[in-house]
file work06.cif (mmCIF, C-alpha atoms and all ligand atoms)
data_query
#
loop_
_atom_site.label_atom_id
_atom_site.label_comp_id
_atom_site.auth_asym_id
_atom_site.auth_seq_id
_atom_site.Cartn_x
_atom_site.Cartn_y
_atom_site.Cartn_z
CA MET A 12 3.58 -11.96 9.50
CA LYS A 13 2.36 -8.39 10.11
CA MET A 14 1.70 -6.48 6.89
CA VAL A 15 2.67 -2.80 6.62
CA PHE A 16 2.88 -0.30 3.77
CA ARG A 17 5.43 2.43 3.12
CA TRP A 18 4.07 5.99 3.12
CA PHE A 19 6.19 9.09 2.44
CA GLY A 20 3.95 11.57 4.27
CA GLU A 21 1.37 14.28 3.60
CA GLY A 22 2.24 16.14 0.40
CA ASN A 23 5.11 13.78 -0.33
CA ASP A 24 3.22 10.73 -1.58
CA THR A 25 0.55 10.10 -4.22
CA VAL A 26 -0.95 7.38 -2.04
CA THR A 27 -3.32 8.32 0.78
CA LEU A 28 -3.65 6.72 4.20
CA GLU A 29 -7.30 5.98 3.42
CA GLN A 30 -6.21 3.96 0.35
CA ILE A 31 -3.60 2.11 2.41
CA ARG A 32 -6.21 1.29 5.06
CA GLN A 33 -8.34 -0.51 2.44
CA ILE A 34 -5.61 -2.95 1.35
CA PRO A 35 -6.50 -6.30 2.99
CA GLY A 36 -4.46 -7.10 6.09
CA VAL A 37 -2.43 -3.89 6.18
CA GLU A 38 -2.22 -2.78 9.82
CA GLY A 39 0.33 -0.01 9.76
CA ILE A 40 2.54 2.39 7.84
CA VAL A 41 6.29 2.44 7.34
CA TRP A 42 7.15 6.09 7.74
CA ALA A 43 9.96 8.59 8.21
CA LEU A 44 10.60 12.34 8.41
CA HIS A 45 12.04 12.64 4.90
CA ASP A 46 12.70 16.37 5.23
CA VAL A 47 15.03 16.03 8.23
CA PRO A 48 18.66 15.76 7.02
CA ALA A 49 20.63 12.69 8.13
CA GLY A 50 22.30 13.27 11.50
CA GLU A 51 19.78 15.72 12.93
CA GLU A 52 17.60 14.89 15.94
CA TRP A 53 13.97 14.39 14.82
CA PRO A 54 11.60 17.12 16.12
CA MET A 55 8.79 15.73 18.29
CA ASP A 56 6.16 18.02 16.77
CA LYS A 57 6.77 16.49 13.33
CA ILE A 58 6.71 12.96 14.76
CA LEU A 59 3.37 13.75 16.42
CA GLN A 60 1.97 15.09 13.13
CA VAL A 61 2.55 11.64 11.61
CA LYS A 62 1.04 10.00 14.71
CA LYS A 63 -2.08 12.16 14.40
CA ALA A 64 -2.55 11.21 10.74
CA ALA A 65 -1.86 7.50 11.36
CA ASP A 66 -4.20 7.39 14.38
CA LYS A 67 -6.97 9.07 12.35
CA ALA A 68 -6.56 6.47 9.60
CA GLY A 69 -6.53 3.58 12.07
CA LEU A 70 -2.97 2.55 11.14
CA HIS A 71 -0.06 1.94 13.51
CA MET A 72 3.37 3.55 12.98
CA LYS A 73 5.61 0.87 14.56
CA VAL A 74 8.11 0.77 11.69
CA VAL A 75 10.38 3.65 10.65
CA GLU A 76 12.30 3.59 7.37
CA SER A 77 14.66 5.30 7.80
CA VAL A 78 16.53 7.23 10.42
CA ASN A 79 19.41 7.71 8.01
CA ILE A 80 23.04 7.48 9.09
CA HIS A 81 25.15 10.61 8.72
CA GLU A 82 28.14 10.17 6.37
CA ASP A 83 30.53 11.12 9.19
CA ILE A 84 29.45 7.95 11.05
CA LYS A 85 30.11 5.81 7.97
CA LEU A 86 33.42 7.63 7.45
CA GLY A 87 34.42 7.21 11.10
CA LEU A 88 35.15 10.92 11.59
CA PRO A 89 35.46 12.39 15.13
CA SER A 90 32.20 14.31 14.55
CA ARG A 91 30.37 10.95 14.45
CA ASP A 92 29.80 11.08 18.23
CA LEU A 93 27.57 14.14 17.87
CA TYR A 94 25.45 12.39 15.23
CA ILE A 95 25.29 9.19 17.29
CA ASP A 96 24.02 11.24 20.24
CA ASN A 97 21.33 12.75 17.98
CA TYR A 98 20.41 9.24 16.82
CA LYS A 99 19.94 8.19 20.43
CA LYS A 100 17.71 11.21 21.15
CA THR A 101 15.60 10.29 18.11
CA ILE A 102 15.30 6.68 19.35
CA VAL A 103 13.92 7.95 22.69
CA LYS A 104 11.24 9.98 20.90
CA LEU A 105 10.33 7.15 18.53
CA ALA A 106 9.93 4.78 21.47
CA GLU A 107 7.50 7.29 23.01
CA VAL A 108 5.14 6.94 20.00
CA GLY A 109 5.42 3.14 19.98
CA VAL A 110 8.00 2.53 17.25
CA LYS A 111 9.38 -1.03 17.40
CA VAL A 112 11.65 -1.27 14.32
CA ILE A 113 14.06 1.15 12.64
CA CYS A 114 15.15 0.15 9.13
CA TYR A 115 18.39 1.86 8.02
CA ASN A 116 21.30 1.33 5.65
CA PHE A 117 25.05 1.78 5.77
CA MET A 118 25.65 2.56 2.06
CA PRO A 119 28.13 5.41 1.44
CA VAL A 120 26.49 8.49 -0.13
CA PHE A 121 23.74 6.86 -2.18
CA ASP A 122 20.81 4.65 -1.38
CA TRP A 123 19.49 2.50 -4.22
CA VAL A 124 20.83 3.31 -7.68
CA ARG A 125 19.09 2.70 -11.01
CA THR A 126 19.80 3.94 -14.54
CA ASP A 127 16.18 4.17 -15.72
CA LEU A 128 13.20 4.85 -13.49
CA HIS A 129 10.57 4.03 -16.15
CA LYS A 130 11.86 1.18 -18.32
CA GLU A 131 9.05 -0.45 -20.29
CA LEU A 132 8.18 -4.10 -19.69
CA GLU A 133 6.49 -6.45 -22.18
CA ASP A 134 3.06 -5.72 -20.69
CA GLY A 135 3.44 -1.97 -21.27
CA SER A 136 3.95 -1.13 -17.62
CA THR A 137 7.23 0.48 -16.53
CA ALA A 138 9.66 -0.29 -13.73
CA LEU A 139 13.02 0.60 -12.22
CA PHE A 140 15.92 -0.71 -14.31
CA TYR A 141 19.67 -1.08 -13.65
CA GLU A 142 22.09 -1.24 -16.57
CA LYS A 143 25.44 -2.43 -15.24
CA GLU A 144 27.55 -1.06 -18.12
CA LYS A 145 25.90 2.33 -17.86
CA VAL A 146 26.68 2.63 -14.14
CA ALA A 147 30.30 1.81 -14.88
CA HIS A 148 30.39 4.88 -17.17
CA LEU A 149 27.70 7.03 -15.54
CA ASN A 150 28.28 10.76 -15.54
CA LEU A 151 27.23 11.48 -11.97
CA GLU A 152 26.53 15.14 -12.64
CA GLU A 153 24.06 14.20 -15.39
CA GLN A 154 22.39 11.67 -13.08
CA VAL A 155 22.11 14.27 -10.32
CA GLN A 156 20.54 16.75 -12.74
CA ARG A 157 18.03 14.12 -13.92
CA ILE A 158 17.09 13.20 -10.36
CA ASN A 159 16.80 16.83 -9.31
CA ALA A 160 14.68 17.55 -12.40
CA ASN A 161 11.99 15.46 -10.71
CA PRO A 162 10.70 18.20 -8.39
CA ASN A 163 7.91 16.13 -6.88
CA PHE A 164 9.88 13.63 -4.89
CA THR A 165 13.22 13.23 -3.20
CA MET A 166 14.96 10.00 -4.14
CA PRO A 167 16.36 7.98 -1.24
CA GLY A 168 19.99 8.89 -0.83
CA TRP A 169 19.80 11.57 -3.50
CA GLU A 170 18.63 14.33 -1.14
CA PRO A 171 19.71 17.79 -2.37
CA GLU A 172 21.97 18.52 0.62
CA ARG A 173 23.98 15.37 -0.03
CA LEU A 174 24.16 15.88 -3.78
CA GLY A 175 25.55 19.35 -3.27
CA ARG A 176 28.53 17.76 -1.50
CA LEU A 177 29.24 14.95 -3.99
CA THR A 178 32.82 15.89 -4.86
CA GLU A 179 33.73 16.40 -1.20
CA LEU A 180 32.11 13.08 -0.23
CA PHE A 181 33.82 11.10 -2.96
CA ASP A 182 37.15 12.55 -1.83
CA ALA A 183 36.38 11.59 1.76
CA TYR A 184 35.63 7.98 0.80
CA ARG A 185 38.62 7.64 -1.54
CA ASN A 186 40.63 5.60 1.00
CA VAL A 187 37.77 4.01 2.98
CA THR A 188 37.92 0.23 2.55
CA GLU A 189 35.20 -2.33 3.22
CA GLU A 190 37.14 -3.31 6.35
CA GLN A 191 37.05 0.27 7.61
CA LEU A 192 33.33 0.48 6.84
CA PHE A 193 32.81 -2.63 8.98
CA ASP A 194 34.88 -1.02 11.78
CA ASN A 195 32.80 2.16 11.58
CA ALA A 196 29.61 0.10 11.62
CA LYS A 197 30.85 -1.71 14.76
CA TYR A 198 31.51 1.62 16.48
CA PHE A 199 27.99 2.79 15.62
CA LEU A 200 26.34 -0.48 16.74
CA GLU A 201 28.27 -0.62 20.03
CA ALA A 202 26.91 2.83 20.85
CA ILE A 203 23.36 2.35 19.58
CA ILE A 204 22.32 -1.26 20.24
CA PRO A 205 22.39 -1.07 24.07
CA PHE A 206 20.21 2.02 23.68
CA ALA A 207 17.84 0.26 21.30
CA GLU A 208 17.59 -2.64 23.80
CA LYS A 209 16.72 -0.21 26.59
CA TYR A 210 13.92 1.34 24.51
CA ASP A 211 12.74 -2.00 23.03
CA ILE A 212 13.47 -0.98 19.44
CA ARG A 213 14.97 -3.42 16.93
CA MET A 214 17.47 -1.93 14.50
CA ALA A 215 17.18 -3.62 11.08
CA ILE A 216 20.00 -3.06 8.61
CA HIS A 217 18.83 -2.91 4.99
CA PRO A 218 20.98 -4.66 2.36
CA ASP A 219 22.86 -2.62 -0.21
CA ASP A 220 21.01 -2.00 -3.46
CA PRO A 221 22.52 -3.14 -5.71
CA PRO A 222 24.51 -5.48 -3.44
CA TRP A 223 27.95 -4.59 -4.77
CA PRO A 224 30.29 -1.55 -4.70
CA ILE A 225 29.35 1.25 -7.11
CA PHE A 226 31.19 4.39 -8.29
CA GLY A 227 34.23 3.09 -6.41
CA LEU A 228 32.36 3.36 -3.08
CA PRO A 229 32.60 0.35 -0.72
CA ARG A 230 29.47 -1.61 0.21
CA ILE A 231 29.28 -4.30 2.91
CA ILE A 232 25.68 -5.58 3.34
CA THR A 233 25.87 -7.62 0.17
CA GLY A 234 25.25 -11.29 0.97
CA GLN A 235 24.96 -14.06 3.57
CA ALA A 236 28.55 -14.05 4.87
CA ASN A 237 28.67 -10.27 5.29
CA ILE A 238 25.23 -10.23 6.91
CA ARG A 239 26.44 -12.89 9.38
CA ARG A 240 29.52 -10.77 10.11
CA PHE A 241 27.46 -7.57 10.57
CA LEU A 242 24.94 -9.22 12.91
CA GLY A 243 27.89 -10.63 14.87
CA LEU A 244 29.47 -7.19 15.40
CA VAL A 245 27.05 -6.83 18.31
CA ASP A 246 25.33 -10.13 18.98
CA SER A 247 21.93 -8.87 20.13
CA PRO A 248 18.34 -9.51 18.91
CA ASN A 249 18.11 -5.71 18.59
CA ASN A 250 20.86 -5.77 15.96
CA GLY A 251 18.66 -7.15 13.21
CA LEU A 252 18.29 -7.42 9.44
CA THR A 253 15.73 -6.01 7.02
CA MET A 254 15.55 -8.99 4.67
CA CYS A 255 15.08 -7.28 1.30
CA SER A 256 14.54 -9.90 -1.39
CA GLY A 257 14.88 -7.44 -4.27
CA SER A 258 18.14 -5.86 -3.13
CA LEU A 259 19.79 -9.22 -2.36
CA GLY A 260 18.10 -10.82 -5.36
CA ALA A 261 19.94 -8.57 -7.83
CA ASN A 262 22.87 -10.92 -7.27
CA PRO A 263 21.67 -14.44 -8.23
CA ALA A 264 24.50 -15.90 -6.08
CA ASN A 265 22.50 -14.83 -3.01
CA ASP A 266 20.40 -17.78 -1.76
CA ILE A 267 17.67 -15.80 -0.05
CA VAL A 268 15.76 -18.82 1.28
CA SER A 269 18.98 -19.88 3.03
CA ILE A 270 19.41 -16.31 4.37
CA VAL A 271 15.86 -16.40 5.78
CA ASN A 272 16.49 -19.80 7.41
CA GLU A 273 19.82 -18.76 8.92
CA PHE A 274 18.76 -15.35 10.27
CA ALA A 275 15.02 -15.88 10.88
CA ASP A 276 15.19 -14.78 14.52
CA ARG A 277 17.17 -11.68 13.56
CA ILE A 278 14.71 -10.44 10.88
CA PRO A 279 12.23 -8.00 12.44
CA PHE A 280 11.32 -6.62 9.02
CA ALA A 281 11.02 -8.09 5.52
CA HIS A 282 10.83 -6.25 2.18
CA ILE A 283 9.54 -8.59 -0.45
CA ARG A 284 9.83 -7.76 -4.13
CA ASN A 285 10.99 -9.45 -7.31
CA VAL A 286 13.62 -8.58 -9.93
CA ARG A 287 14.50 -10.17 -13.26
CA VAL A 288 18.28 -10.47 -13.62
CA TYR A 289 19.65 -10.69 -17.16
CA ASP A 290 22.74 -12.68 -18.20
CA ASN A 291 24.80 -9.47 -18.49
CA GLY A 292 24.02 -8.50 -14.89
CA ASP A 293 21.40 -5.87 -15.70
CA PHE A 294 18.14 -6.17 -13.78
CA ILE A 295 14.61 -4.86 -13.96
CA GLU A 296 11.96 -4.88 -11.28
CA THR A 297 8.82 -6.92 -11.95
CA SER A 298 5.53 -7.80 -10.31
CA HIS A 299 5.93 -9.64 -7.00
CA ARG A 300 4.93 -12.93 -8.68
CA THR A 301 7.70 -15.55 -8.64
CA THR A 302 7.33 -16.47 -12.32
CA ASP A 303 7.75 -12.84 -13.47
CA GLY A 304 11.28 -12.50 -12.10
CA THR A 305 14.31 -14.49 -10.95
CA VAL A 306 13.73 -14.32 -7.19
CA ASP A 307 12.03 -17.32 -5.54
CA ILE A 308 9.32 -15.25 -3.84
CA ALA A 309 7.16 -18.32 -3.09
CA GLY A 310 10.17 -20.08 -1.53
CA ILE A 311 10.94 -17.01 0.58
CA VAL A 312 7.38 -16.74 1.95
CA ASN A 313 7.35 -20.50 2.60
CA ALA A 314 10.63 -20.16 4.54
CA LEU A 315 9.24 -17.25 6.55
CA HIS A 316 6.15 -19.33 7.38
CA GLU A 317 8.21 -22.40 8.30
CA ASN A 318 10.17 -20.18 10.69
CA ASP A 319 6.92 -18.94 12.26
CA TYR A 320 7.79 -15.42 11.13
CA GLU A 321 5.99 -12.88 13.32
CA GLY A 322 7.80 -9.78 12.11
CA PHE A 323 6.70 -6.93 9.87
CA CYS A 324 6.54 -7.33 6.11
CA ARG A 325 5.98 -4.84 3.33
CA PRO A 326 5.78 -5.11 -0.45
CA ASP A 327 8.82 -3.33 -1.81
CA HIS A 328 8.96 -1.52 -5.17
CA GLY A 329 6.28 -2.34 -7.71
CA ARG A 330 5.84 -1.59 -11.40
CA HIS A 331 4.01 1.56 -12.56
CA ILE A 332 0.75 0.13 -13.96
CA TRP A 333 -2.63 1.46 -15.27
CA ASP A 334 -0.96 4.80 -16.09
CA GLU A 335 -0.47 5.56 -12.40
CA GLN A 336 1.67 8.65 -11.85
CA CYS A 337 3.61 8.03 -8.63
CA ARG A 338 6.94 8.05 -6.84
CA PRO A 339 9.25 5.71 -8.79
CA GLY A 340 8.69 2.15 -7.51
CA TYR A 341 6.10 3.32 -5.02
CA GLY A 342 2.75 3.27 -6.77
CA LEU A 343 -0.37 2.06 -5.02
CA TYR A 344 -1.65 -0.48 -7.51
CA ASP A 345 1.25 -2.90 -7.99
CA ARG A 346 2.19 -2.86 -4.32
CA ALA A 347 -1.42 -3.66 -3.42
CA LEU A 348 -1.42 -6.50 -5.96
CA GLY A 349 1.87 -7.63 -4.44
CA ILE A 350 0.33 -7.76 -0.97
CA MET A 351 -2.47 -10.00 -2.17
CA TYR A 352 0.08 -12.34 -3.73
CA LEU A 353 2.08 -12.47 -0.50
CA TRP A 354 -1.09 -13.13 1.53
CA GLY A 355 -2.05 -15.87 -0.92
CA LEU A 356 1.29 -17.60 -0.43
CA TRP A 357 1.15 -17.14 3.34
CA ASP A 358 -2.44 -18.38 3.69
CA ALA A 359 -1.75 -21.42 1.49
CA ASN A 360 1.12 -22.30 3.84
CA ARG A 361 -1.09 -21.89 6.87
CA ARG A 362 -3.81 -24.05 5.35
CA LYS A 363 -1.29 -26.76 4.48
CA LEU A 364 -0.02 -26.71 8.07
CA GLN A 365 -3.55 -26.90 9.50
CA SER A 366 -4.63 -29.75 7.21
CA GLY A 367 -1.36 -31.54 8.06
CA ARG A 368 -2.21 -31.23 11.74
CA MET A 369 -5.69 -32.65 11.03
CA GLY A 370 -4.00 -35.58 9.30
CA ASN A 371 -5.63 -35.10 5.90
O1 LIG A 401 14.49 0.18 -1.96
C1 LIG A 401 13.87 1.02 -1.29
O2 LIG A 401 13.15 1.92 -1.73
C2 LIG A 401 14.08 0.92 0.16
O3 LIG A 401 14.05 -0.44 0.52
C3 LIG A 401 15.42 1.51 0.53
O4 LIG A 401 15.54 2.83 0.01
C4 LIG A 401 15.50 1.55 2.03
O5 LIG A 401 14.42 2.38 2.46
C5 LIG A 401 16.76 2.15 2.56
O6 LIG A 401 17.86 1.62 1.91
C6 LIG A 401 16.80 1.84 4.05
O7 LIG A 401 17.49 2.81 4.72
FE FE A 402 14.16 -2.92 0.37
#

call {"tool": "encode", "arguments": {"input": "work06.cif", "output": "structure tokens"}}
result
Amino acid sequence: MKMVFRWFGEGNDTVTLEQIRQIPGVEGIVWALHDVPAGEEWPMDKILQVKKAADKAGLHMKVVESVNIHEDIKLGLPSRDLYIDNYKKTIVKLAEVGVKVICYNFMPVFDWVRTDLHKELEDGSTALFYEKEKVAHLNLEEQVQRINANPNFTMPGWEPERLGRLTELFDAYRNVTEEQLFDNAKYFLEAIIPFAEKYDIRMAIHPDDPPWPIFGLPRIITGQANIRRFLGLVDSPNNGLTMCSGSLGANPANDIVSIVNEFADRIPFAHIRNVRVYDNGDFIETSHRTTDGTVDIAGIVNALHENDYEGFCRPDHGRHIWDEQCRPGYGLYDRALGIMYLWGLWDANRRKLQSGRMGN
């Protein structure tokens, strides 16, 4: 398991590369050009700026999260070919700076959705919270205004240029079914995967968050059967999965240990985080510790170890603790605590294996 840490870039993150470098076992950053709109080719000068900063901090930049997919690709519009060509040009540049994994998602319009970014937990910390009933009746305009009122950070999937087109996008998706989304994904993968193979980059689809349709928009990366179908659209090791325990874990019907065991050789990247799912379907994010939530984090790390997992792993969202002011879900402290928990689980597995081999 190769530990990495997400970093949103100079001036776009409260966490510094120097702080990341001091977290035990972290070897690299998970990065992206967050100011380049989906569909555009990434400029090499901006890529090299990240490389310069990462090199100076002694961190690699092998994992990108994300080169986002333009809506026209998800919608299957004729203009998708232009955006697929730009995606290919970006892959060539990323390969030049040593990128090995691209994490991306195929969710229409939005990335993860929550109804409260600072819900208080029993211990006084706060975390991202999803209230199912509220989403069913959410006034999107209000939500957009609240997100945009947070001038410091863009929210994944809530970038201003997309929000400005909400009405138009919802109209465009009105008749797009899950089947059509799968077809459009197949078209994208058939164009991109041979290219990713040529440049030795593994594409790693991120599950939908939450893993069910929202606002009437279809979602397809929701559970084991759909993941199996998606990976089968183009049966290549370079068509991989970002195993995100928190996204999949929001639906307790998802058996994530079974997902790890079935797709182990197709998981170049793992996001590990915990959520506590309530009986009414609401969920709140918690510390990474198994007992704090409803996701079997210890079982997941054990399964990764039993499958000799050699891919990248990062702690996903943490709580906001010790009054840290940070990007929602992306503080330094609780993700660093999460890493130490994950290392503890991993090292205990390794020790058990070694003592087993020594017969004691
Ligand atoms: O939950 C998160 O913050 C991330 O795991 C996702 O936003 C992820 O970066 C995207 O869905 C991948 O494209
Ligand atoms: Fe994730």

call {"tool": "residues_near_ligand", "arguments": {"input": "work06.cif", "ligand": "ligand FE 402 (chain A)", "cutoff": "8 Å", "atoms": "only C-alpha atoms and all ligand atoms", "output": "PyMOL selection string"}}
result
chain A and resi 217-218+220+253-258+281-284+327-328

call {"tool": "closest_atom_pairs", "arguments": {"input": "work06.cif", "of": "chain A", "to": "ligand LIG 401 (chain A)", "cutoff": "6 Å", "atoms": "all atoms listed in the file", "output": "JSON lines"}}
result
{"residue": "A:Glu76", "atom": "CA", "partner": "A:LIG401", "partner_atom": "O5", "distance": 5.5}
{"residue": "A:Ser77", "atom": "CA", "partner": "A:LIG401", "partner_atom": "O7", "distance": 4.9}
{"residue": "A:Cys114", "atom": "CA", "partner": "A:LIG401", "partner_atom": "C6", "distance": 5.6}
{"residue": "A:Tyr115", "atom": "CA", "partner": "A:LIG401", "partner_atom": "O7", "distance": 3.6}
{"residue": "A:Asn116", "atom": "CA", "partner": "A:LIG401", "partner_atom": "O7", "distance": 4.2}
{"residue": "A:Asp122", "atom": "CA", "partner": "A:LIG401", "partner_atom": "O6", "distance": 5.4}
{"residue": "A:Trp123", "atom": "CA", "partner": "A:LIG401", "partner_atom": "O4", "distance": 5.8}
{"residue": "A:Pro167", "atom": "CA", "partner": "A:LIG401", "partner_atom": "O4", "distance": 5.4}
{"residue": "A:His217", "atom": "CA", "partner": "A:LIG401", "partner_atom": "C6", "distance": 5.3}

call {"tool": "write_last_selection", "arguments": {"input": "work06.cif", "atoms": "C-alpha atoms", "output": "mmCIF file, keeping the file's coordinate frame"}}
result
data_model
loop_
_atom_site.group_PDB
_atom_site.id
_atom_site.type_symbol
_atom_site.label_atom_id
_atom_site.label_comp_id
_atom_site.auth_asym_id
_atom_site.auth_seq_id
_atom_site.Cartn_x
_atom_site.Cartn_y
_atom_site.Cartn_z
ATOM 1 C CA GLU A 76 12.300 3.590 7.370
ATOM 2 C CA SER A 77 14.660 5.300 7.800
ATOM 3 C CA CYS A 114 15.150 0.150 9.130
ATOM 4 C CA TYR A 115 18.390 1.860 8.020
ATOM 5 C CA ASN A 116 21.300 1.330 5.650
ATOM 6 C CA ASP A 122 20.810 4.650 -1.380
ATOM 7 C CA TRP A 123 19.490 2.500 -4.220
ATOM 8 C CA PRO A 167 16.360 7.980 -1.240
ATOM 9 C CA HIS A 217 18.830 -2.910 4.990
#

call {"tool": "residues_around", "arguments": {"input": "work06.cif", "residues": "segment 335-337 of chain A", "least_positions_apart": "2", "cutoff": "10 Å", "atoms": "only C-alpha atoms", "output": "ChimeraX atom specification"}}
result
/A:24-26,136,163-164,330-333,339-345

call {"tool": "closest_residue", "arguments": {"input": "work06.cif", "among": "A:Arg362, A:Leu252, A:Thr297, A:Arg338", "to": "Ile158 of chain A", "atoms": "all atoms listed in the file"}}
result
A:Arg338

call {"tool": "atom_distance", "arguments": {"input": "work06.cif", "atom1": "atom CA of Ala147 of chain A", "atom2": "atom CA of Gln235 of chain A"}}
result
24.9 Å

call {"tool": "closest_residue", "arguments": {"input": "work06.cif", "among": "A:Glu317, A:Asp334, A:Glu51, A:Asp92", "to": "Arg361 of chain A", "atoms": "all atoms listed in the file"}}
result
A:Glu317
